[in-house]
Each structure stands twice: as structure tokens, then as C-alpha cells.
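Step one of this worksheet: look at the structure below.
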Amino acid sequence: MSAEPRINDRIRVPEVRLVGPSGEQVGIVPLAKALELAQEYDLDLVEVAANARPPVCKLMDYGKFKYESAMKAREARKNQAHTVIKEMKLRPKIDPHDYDTKKGHVVRFLKQGDKVKITIMFRGREQSRPELGYRLLQRLAEDVADLGFVESNPKQDGRNMIMVLGPHKKKTEAMAEAREAQAARKADAKANPGKSQNAAEAEAPADGQAEASTDA
């Protein structure tokens, strides 16, 4: 069955409860009279409640109504939050620099409102030291506690140990904040078109300074 409402001459009932263009109640009128009014207003007669007795019809610009409905549905899909689970893999004996890099990615994911699956990969003799992985996961959870929480506690899965972190911030909130930040950057760039260039020039060394640095 089509979801499209019946309009104009596709409406086949003797009378309708008519609603005017501004939402005013006209009352129960013969179908012929309702179609006549639609023609006078240069609008469509649209059946909005087919199961009512008599059916409820409204005078409107159906083409405009369909366009606005499509735009609202598109905006709703755009703002819809999809649950995303990112994955980050670490080794039990990860060096400090790599740990900071991996932690930075986890921070970014949580700020975006995404969940993060942390996997510790054990190799060889490391499998006999699961406490190393457990301590590493605990450390990471503590380091990002202001952005996320442990949704799934560390557990052994074959040669791996897995923990899932959930964001404190909802995905919709993160998306809204990202849009606001982007709009603010655009507004700032528009208001101060020379700001970025001036900042770059201020950071660049003078010719004499550059030569002195080279000679040193």
C-alpha cells in the first residue's frame, strides 16, 4: 500500500471534514465544494486522516509540503547518531612514546562520542603474564577517566585481553559541539581574514635571525 495520501480528484468520498489553509476548521462539506475551494485558493485538497468519518482533508500546496517534509527527513538523518566502536591495539610492553600516541587516539575517539575497544595482544612468553595487560588497561582507563568509563571490564580472549571504554558524552552532543566549533572557526576566519597570515608571519624568523641560526 502506498504511503502517499490521496489528493484532489483521487479522493472518492461524498463529503469531507475540511481544514483551511491556515489550519482553521471549515467543517463538513461535500467533496465537490471542497474541490471548488481548493481551486479558488490555487491549492490542493489533501486527505490527512483517511480513517476518520468523514475523512479529514486540508487545503495546502502539496508540492511544497512534500519538499519541506523531505528536507526535514534529510536533516533528521544527518543528525542521527550512529553507534561506532573504534578499536585500538596495544602490546603489553609498549614504549612510552607509542603509549602516548595510542592514548591520544583513544582521547580523540571518546571526544567524538565513540566507544573504543582496547585490545592487548600477547605473544610468546607474554601470555604467561596477563597481569601486564591488565595493569596497562587499568592505566589507560584512569588516564582517560574524564572522557570515558569502563563499559566492559578487561577479559581474556585467547591470546588477547579486551576492554571496552564508553564515552561520557553522547554521540549527538559530540556532533553538535563539533558543528558549533566549525561554525565558530568559519565566523572567526571571516571576521579576521588576515589573522592566519599575520600569525604565520609573526612566527617566521627574520632574515638575520635565520642566517644566525644557520651559522651557529
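Labeling convention for the C-alpha cells: chains A, B, ... as they appear, residues from 1 per chain, ligands from 1 in order of appearance.
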
For Pro5 (chain A), please output as a list of chain:residue names all residues within 12 Å (counting only C-alpha atoms; exclusion window: fewer than 3 positions along the same chain).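 Counting only C-alpha atoms, the residues come to A:Met1, A:Ser2, A:Asn8, A:Asp9, A:Arg10, A:Ile11, A:Asp44, A:Leu45, A:Val46, A:Glu47, A:Val48, A:Ala49, A:Ala50, A:Asn51, A:Pro55, A:Val56, A:Cys57, A:Lys58, A:Tyr62, A:Phe65, A:Lys66.
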
Writing out the chosen residues with C-alpha atoms as a PDB file, in the first residue's frame:
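Contents of part-v4.pdb, as written:
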```
ATOM      1  CA  MET A   1       0.000   0.000   0.000  1.00  0.00           C
ATOM      2  CA  SER A   2       1.289   3.461  -0.924  1.00  0.00           C
ATOM      3  CA  ASN A   8      -7.759  16.225  -5.346  1.00  0.00           C
ATOM      4  CA  ASP A   9      -9.784  14.025  -7.720  1.00  0.00           C
ATOM      5  CA  ARG A  10      -8.275  10.831  -6.272  1.00  0.00           C
ATOM      6  CA  ILE A  11     -10.386  11.404  -3.151  1.00  0.00           C
ATOM      7  CA  ASP A  44      -4.512  21.044  -3.375  1.00  0.00           C
ATOM      8  CA  LEU A  45      -7.117  19.129  -1.396  1.00  0.00           C
ATOM      9  CA  VAL A  46      -5.114  16.605   0.606  1.00  0.00           C
ATOM     10  CA  GLU A  47      -6.585  13.749   2.646  1.00  0.00           C
ATOM     11  CA  VAL A  48      -4.744  13.879   6.006  1.00  0.00           C
ATOM     12  CA  ALA A  49      -6.866  11.445   8.045  1.00  0.00           C
ATOM     13  CA  ALA A  50      -8.323   8.786   5.777  1.00  0.00           C
ATOM     14  CA  ASN A  51      -9.735   6.640   8.612  1.00  0.00           C
ATOM     15  CA  PRO A  55     -12.169  11.717   6.186  1.00  0.00           C
ATOM     16  CA  VAL A  56     -10.265  14.879   7.140  1.00  0.00           C
ATOM     17  CA  CYS A  57      -8.871  16.889   4.242  1.00  0.00           C
ATOM     18  CA  LYS A  58      -6.750  20.028   4.233  1.00  0.00           C
ATOM     19  CA  TYR A  62       1.136  19.648  -1.668  1.00  0.00           C
ATOM     20  CA  PHE A  65       4.598  20.199   1.704  1.00  0.00           C
ATOM     21  CA  LYS A  66       6.402  17.192   0.179  1.00  0.00           C
TER      22      LYS A  66
END
```

d(CA of Gly124 (chain A), CA of Tyr99 (chain A)) in Å: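 So the two atoms, CA of Gly124 (chain A) and CA of Tyr99 (chain A), lie 20.9 Å apart.
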
Name the residues of region 98-136 of chain A that fall into alpha helix (DSSP H) according to DSSP on the backbone, using the chain letters and numbers of this document, as a PyMOL selection string. chain A and resi 98-111+130-136

Can you tell me which residues surround Leu59 (chain A) at a distance of at most 10 Å, considering only C-alpha atoms, apart from same-chain residues fewer than 4 positions away, and format the answer as a VMD selection string? chain A and resid 7 to 8 18 to 23 34 to 35 37 to 39 41 to 48

Distance query region 164-173 of chain A at most 7 Å, only C-alpha atoms, self and fewer than 5 positions along chain excluded, as a PyMOL selection string: chain A and resi 81+110+112-118+147-153

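Of note, CA of Glu68 (chain A) and CA of Glu24 (chain A) are spaced 20.9 Å apart.
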